[in-house]
Amino acid sequence: QVQLVESGGGSVQAGGSLTLSCAASGYTVSNYCMGWFRQAPGKEREGVATIDSVGNTNYADSVKGRVTISKGNAKNTLYLQMNSLKPEDSAMYYCAADSTASRLRSYHLTKYAYNYWGQGTQVTVSS
């Protein structure tokens, strides 16, 4: 049984930083594509960043240069380092896992690529 557990969310001021973690069980982080998504109230869930088994990454335009996705294979954990946070980054952040693909495709920034999801961690950025 696959479980993804996010942590690291919180409240920060604009310009601050946060690192989100997603601990996986029943799933090997290093083998497949994974992603971070976010959803603000009343909005669609949107892709933030994705990474594949060989470290290729892809980022949404809105976060490029401010966010880094990475894998800690020894800890079987996915990370999202977020810097220069803005109020518009406020949302529930979700970790997602694809159990079929090991290399990134363009669709990996869409929610349809993933079959496992975490419960989310809240990020709130105040101005």
# chains A, B, ... in the order shown; residues from 1 in each chain; ligands from 1
>>> select_by_dssp(residues="region 18-125 of chain A", states="strand (DSSP E)", output="ChimeraX atom specification")
/A:18-25,34-39,46-51,57-59,67-72,77-82,91-97,116-117,121-125
>>> closest_atom_pairs(of="region 76-111 of chain A", to="region 9-33 of chain A", cutoff="8 Å", atoms="only C-alpha atoms", output="Markdown table")
| residue | atom | partner | partner_atom | distance |
| --- | --- | --- | --- | --- |
| A:Asn76 | CA | A:Val29 | CA | 5.4 |
| A:Thr77 | CA | A:Ala23 | CA | 4.5 |
| A:Leu78 | CA | A:Cys22 | CA | 4.9 |
| A:Tyr79 | CA | A:Ser21 | CA | 4.6 |
| A:Leu80 | CA | A:Leu20 | CA | 5.0 |
| A:Gln81 | CA | A:Thr19 | CA | 4.4 |
| A:Met82 | CA | A:Leu18 | CA | 5.3 |
| A:Asn83 | CA | A:Ser17 | CA | 4.4 |
| A:Ser84 | CA | A:Gly15 | CA | 4.1 |
| A:Leu85 | CA | A:Gly15 | CA | 4.9 |
| A:Lys86 | CA | A:Ala14 | CA | 5.0 |
| A:Pro87 | CA | A:Ala14 | CA | 6.3 |
| A:Cys95 | CA | A:Cys22 | CA | 6.2 |
| A:Ala97 | CA | A:Cys33 | CA | 6.4 |
| A:Asp98 | CA | A:Cys33 | CA | 5.5 |
| A:Ser99 | CA | A:Tyr32 | CA | 6.3 |
| A:Thr100 | CA | A:Tyr32 | CA | 6.9 |
| A:Ala101 | CA | A:Tyr32 | CA | 5.6 |
| A:Ser102 | CA | A:Tyr32 | CA | 4.1 |
| A:Arg103 | CA | A:Cys33 | CA | 6.4 |
| A:Leu104 | CA | A:Cys33 | CA | 6.5 |
| A:His108 | CA | A:Cys33 | CA | 7.8 |
>>> write_last_selection(atoms="C-alpha atoms", output="CSV table (one decimal), in the first residue's frame")
chain,number,residue,atom,x,y,z
A,76,ASN,CA,12.8,7.7,0.3
A,77,THR,CA,11.6,11.3,0.4
A,78,LEU,CA,10.7,14.0,-2.1
A,79,TYR,CA,11.5,17.6,-1.3
A,80,LEU,CA,10.4,21.0,-2.5
A,81,GLN,CA,12.6,23.9,-1.5
A,82,MET,CA,10.7,27.2,-1.9
A,83,ASN,CA,12.4,30.6,-1.7
A,84,SER,CA,11.3,34.2,-2.2
A,85,LEU,CA,7.7,33.2,-1.4
A,86,LYS,CA,4.9,35.4,-2.5
A,87,PRO,CA,1.3,35.7,-1.1
A,95,CYS,CA,2.9,15.3,-3.2
A,97,ALA,CA,3.6,9.8,-7.4
A,98,ASP,CA,3.4,8.1,-10.8
A,99,SER,CA,3.9,4.3,-10.4
A,100,THR,CA,4.4,3.7,-14.2
A,101,ALA,CA,6.7,6.3,-15.7
A,102,SER,CA,10.4,6.8,-14.9
A,103,ARG,CA,11.1,9.6,-17.4
A,104,LEU,CA,9.4,12.9,-17.5
A,108,HIS,CA,3.8,15.3,-15.7
>>> closest_residue(among="A:Lys111, A:Val123, A:Ser62, A:Lys71", to="Ser7 (chain A)", atoms="only C-alpha atoms")
A:Val123
>>> residues_around(residues="Asp61 (chain A)", least_positions_apart="3", cutoff="9 Å", atoms="only C-alpha atoms", output="ChimeraX atom specification")
/A:48,64-65
>>> write_last_selection(atoms="all heavy atoms", output="mmCIF file, in the first residue's frame")
data_model
loop_
_atom_site.group_PDB
_atom_site.id
_atom_site.type_symbol
_atom_site.label_atom_id
_atom_site.label_comp_id
_atom_site.auth_asym_id
_atom_site.auth_seq_id
_atom_site.Cartn_x
_atom_site.Cartn_y
_atom_site.Cartn_z
ATOM 1 N N VAL A 48 3.331 22.248 -9.802
ATOM 2 C CA VAL A 48 4.383 23.173 -9.388
ATOM 3 C C VAL A 48 5.737 22.714 -9.917
ATOM 4 O O VAL A 48 6.472 23.492 -10.520
ATOM 5 C CB VAL A 48 4.430 23.297 -7.855
ATOM 6 C CG1 VAL A 48 5.592 24.177 -7.419
ATOM 7 C CG2 VAL A 48 3.113 23.822 -7.314
ATOM 8 N N LYS A 64 9.461 29.185 -11.420
ATOM 9 C CA LYS A 64 10.820 28.991 -11.920
ATOM 10 C C LYS A 64 11.777 29.986 -11.304
ATOM 11 O O LYS A 64 11.496 31.170 -11.209
ATOM 12 C CB LYS A 64 10.838 29.134 -13.453
ATOM 13 C CG LYS A 64 10.449 27.881 -14.186
ATOM 14 C CD LYS A 64 10.506 28.078 -15.690
ATOM 15 C CE LYS A 64 10.055 26.815 -16.404
ATOM 16 N NZ LYS A 64 9.976 27.006 -17.863
ATOM 17 N N GLY A 65 12.921 29.484 -10.869
ATOM 18 C CA GLY A 65 13.930 30.321 -10.253
ATOM 19 C C GLY A 65 13.749 30.504 -8.758
ATOM 20 O O GLY A 65 14.647 31.012 -8.077
#
>>> atom_distance(atom1="CA of Asn58 (chain A)", atom2="CA of Val125 (chain A)")
23.2 Å
>>> closest_residue(among="A:Gln119, A:Asn73, A:Ser127, A:Gln3", to="Asp89 (chain A)", atoms="only C-alpha atoms")
A:Ser127
>>> closest_residue(among="A:Gln39, A:Thr50, A:Ser90, A:Gln122", to="Tyr107 (chain A)", atoms="only C-alpha atoms")
A:Thr50
>>> residues_around(residues="Lys43 (chain A)", least_positions_apart="3", cutoff="12 Å", atoms="only C-alpha atoms", output="JSON, numbers by chain")
{"A": [38, 39, 40, 46, 88, 90, 91, 92]}
>>> write_last_selection(atoms="all heavy atoms", output="short mmCIF file (atom, residue, chain, number, x, y, z; two decimals), in the first residue's frame")
data_model
loop_
_atom_site.label_atom_id
_atom_site.label_comp_id
_atom_site.auth_asym_id
_atom_site.auth_seq_id
_atom_site.Cartn_x
_atom_site.Cartn_y
_atom_site.Cartn_z
N ARG A 38 -0.27 22.18 -6.12
CA ARG A 38 -0.88 23.04 -5.11
C ARG A 38 -2.30 23.41 -5.54
O ARG A 38 -2.62 23.42 -6.73
CB ARG A 38 -0.06 24.30 -4.88
CG ARG A 38 0.02 25.25 -6.07
CD ARG A 38 1.01 26.37 -5.77
NE ARG A 38 1.09 27.33 -6.86
CZ ARG A 38 1.98 28.33 -6.90
NH1 ARG A 38 2.86 28.47 -5.91
NH2 ARG A 38 1.99 29.17 -7.92
N GLN A 39 -3.09 23.69 -4.53
CA GLN A 39 -4.47 24.07 -4.79
C GLN A 39 -4.91 25.12 -3.79
O GLN A 39 -4.90 24.87 -2.58
CB GLN A 39 -5.39 22.84 -4.71
CG GLN A 39 -6.80 23.11 -5.16
CD GLN A 39 -7.60 21.84 -5.36
OE1 GLN A 39 -7.22 20.76 -4.90
NE2 GLN A 39 -8.70 21.94 -6.09
N ALA A 40 -5.26 26.27 -4.32
CA ALA A 40 -5.79 27.35 -3.49
C ALA A 40 -7.32 27.25 -3.49
O ALA A 40 -7.90 26.67 -4.41
CB ALA A 40 -5.34 28.69 -4.04
N GLU A 46 -2.92 22.70 -9.45
CA GLU A 46 -1.94 22.99 -10.50
C GLU A 46 -0.58 22.40 -10.18
O GLU A 46 -0.17 22.32 -9.02
CB GLU A 46 -1.81 24.51 -10.69
CG GLU A 46 -1.30 25.26 -9.50
CD GLU A 46 -1.03 26.73 -9.79
OE1 GLU A 46 -1.20 27.16 -10.94
OE2 GLU A 46 -0.64 27.44 -8.85
N GLU A 88 0.79 34.87 -3.37
CA GLU A 88 0.09 34.02 -4.34
C GLU A 88 0.57 32.57 -4.34
O GLU A 88 -0.01 31.72 -5.01
CB GLU A 88 0.21 34.61 -5.76
CG GLU A 88 1.61 34.95 -6.20
CD GLU A 88 1.95 36.42 -5.99
OE1 GLU A 88 1.60 36.98 -4.91
OE2 GLU A 88 2.56 37.01 -6.90
N SER A 90 0.40 30.91 -1.61
CA SER A 90 -0.41 30.32 -0.55
C SER A 90 -1.37 29.30 -1.13
O SER A 90 -2.12 29.58 -2.07
CB SER A 90 -1.21 31.41 0.18
OG SER A 90 -0.35 32.32 0.82
N ALA A 91 -1.34 28.09 -0.57
CA ALA A 91 -2.18 27.00 -1.07
C ALA A 91 -1.93 25.76 -0.24
O ALA A 91 -1.00 25.72 0.58
CB ALA A 91 -1.86 26.69 -2.53
N MET A 92 -2.75 24.74 -0.48
CA MET A 92 -2.44 23.42 0.03
C MET A 92 -1.51 22.76 -0.98
O MET A 92 -1.81 22.75 -2.18
CB MET A 92 -3.72 22.59 0.19
CG MET A 92 -3.51 21.25 0.84
SD MET A 92 -3.14 21.40 2.60
CE MET A 92 -4.79 21.71 3.24
#
>>> decode(residues="region 59-71 of chain A", atoms="all heavy atoms", output="CSV table (one decimal), in the first residue's frame")
chain,number,residue,atom,x,y,z
A,59,TYR,N,9.4,22.8,-14.1
A,59,TYR,CA,8.7,23.7,-13.2
A,59,TYR,C,7.7,24.5,-13.9
A,59,TYR,O,7.8,24.8,-15.1
A,59,TYR,CB,9.8,24.6,-12.6
A,59,TYR,CG,10.8,24.0,-11.8
A,59,TYR,CD1,12.0,23.6,-12.3
A,59,TYR,CD2,10.6,23.7,-10.4
A,59,TYR,CE1,13.0,22.9,-11.6
A,59,TYR,CE2,11.6,23.1,-9.7
A,59,TYR,CZ,12.8,22.7,-10.3
A,59,TYR,OH,13.8,22.1,-9.5
A,60,ALA,N,6.6,24.9,-13.1
A,60,ALA,CA,5.7,25.8,-13.6
A,60,ALA,C,6.3,27.2,-13.8
A,60,ALA,O,7.2,27.5,-13.0
A,60,ALA,CB,4.5,25.9,-12.6
A,61,ASP,N,5.9,27.9,-14.8
A,61,ASP,CA,6.5,29.2,-15.0
A,61,ASP,C,6.4,30.1,-13.8
A,61,ASP,O,7.3,30.9,-13.5
A,61,ASP,CB,5.8,29.9,-16.2
A,61,ASP,CG,6.2,29.2,-17.5
A,61,ASP,OD1,7.2,28.5,-17.6
A,61,ASP,OD2,5.5,29.5,-18.5
A,62,SER,N,5.4,30.0,-13.0
A,62,SER,CA,5.1,30.9,-11.9
A,62,SER,C,6.1,30.7,-10.8
A,62,SER,O,6.2,31.5,-9.9
A,62,SER,CB,3.7,30.7,-11.4
A,62,SER,OG,3.5,29.3,-11.0
A,63,VAL,N,6.8,29.6,-10.8
A,63,VAL,CA,7.8,29.3,-9.7
A,63,VAL,C,9.2,29.1,-10.1
A,63,VAL,O,10.1,29.0,-9.3
A,63,VAL,CB,7.4,28.0,-8.9
A,63,VAL,CG1,6.0,28.2,-8.3
A,63,VAL,CG2,7.5,26.8,-9.7
A,64,LYS,N,9.5,29.2,-11.4
A,64,LYS,CA,10.8,29.0,-11.9
A,64,LYS,C,11.8,30.0,-11.3
A,64,LYS,O,11.5,31.2,-11.2
A,64,LYS,CB,10.8,29.1,-13.5
A,64,LYS,CG,10.4,27.9,-14.2
A,64,LYS,CD,10.5,28.1,-15.7
A,64,LYS,CE,10.1,26.8,-16.4
A,64,LYS,NZ,10.0,27.0,-17.9
A,65,GLY,N,12.9,29.5,-10.9
A,65,GLY,CA,13.9,30.3,-10.3
A,65,GLY,C,13.7,30.5,-8.8
A,65,GLY,O,14.6,31.0,-8.1
A,66,ARG,N,12.6,30.1,-8.2
A,66,ARG,CA,12.3,30.2,-6.8
A,66,ARG,C,12.2,28.9,-6.1
A,66,ARG,O,12.2,28.9,-4.9
A,66,ARG,CB,11.1,31.1,-6.6
A,66,ARG,CG,11.1,32.4,-7.2
A,66,ARG,CD,9.9,33.3,-6.8
A,66,ARG,NE,8.6,32.7,-7.3
A,66,ARG,CZ,7.6,32.3,-6.5
A,66,ARG,NH1,7.8,32.3,-5.2
A,66,ARG,NH2,6.5,31.8,-7.0
A,67,VAL,N,12.0,27.9,-6.9
A,67,VAL,CA,11.7,26.6,-6.3
A,67,VAL,C,12.6,25.5,-6.8
A,67,VAL,O,13.0,25.5,-8.0
A,67,VAL,CB,10.2,26.2,-6.7
A,67,VAL,CG1,9.9,24.8,-6.5
A,67,VAL,CG2,9.2,27.1,-5.8
A,68,THR,N,12.9,24.5,-6.0
A,68,THR,CA,13.8,23.4,-6.4
A,68,THR,C,13.2,22.1,-5.9
A,68,THR,O,12.9,22.0,-4.7
A,68,THR,CB,15.2,23.5,-5.8
A,68,THR,OG1,15.8,24.8,-6.3
A,68,THR,CG2,16.1,22.4,-6.3
A,69,ILE,N,12.9,21.2,-6.8
A,69,ILE,CA,12.4,19.9,-6.4
A,69,ILE,C,13.6,18.9,-6.4
A,69,ILE,O,14.5,19.0,-7.2
A,69,ILE,CB,11.3,19.4,-7.4
A,69,ILE,CG1,10.7,18.1,-6.9
A,69,ILE,CG2,11.9,19.2,-8.8
A,69,ILE,CD1,9.5,17.7,-7.7
A,70,SER,N,13.6,18.0,-5.4
A,70,SER,CA,14.7,17.0,-5.3
A,70,SER,C,14.2,15.8,-4.6
A,70,SER,O,13.2,15.8,-4.0
A,70,SER,CB,15.9,17.6,-4.6
A,70,SER,OG,15.5,17.9,-3.2
A,71,LYS,N,15.0,14.7,-4.8
A,71,LYS,CA,14.7,13.5,-4.1
A,71,LYS,C,15.8,13.1,-3.1
A,71,LYS,O,17.0,13.3,-3.5
A,71,LYS,CB,14.6,12.3,-5.1
A,71,LYS,CG,13.4,12.4,-6.1
A,71,LYS,CD,13.4,11.3,-7.0
A,71,LYS,CE,12.1,11.3,-7.9
A,71,LYS,NZ,12.1,10.1,-8.9
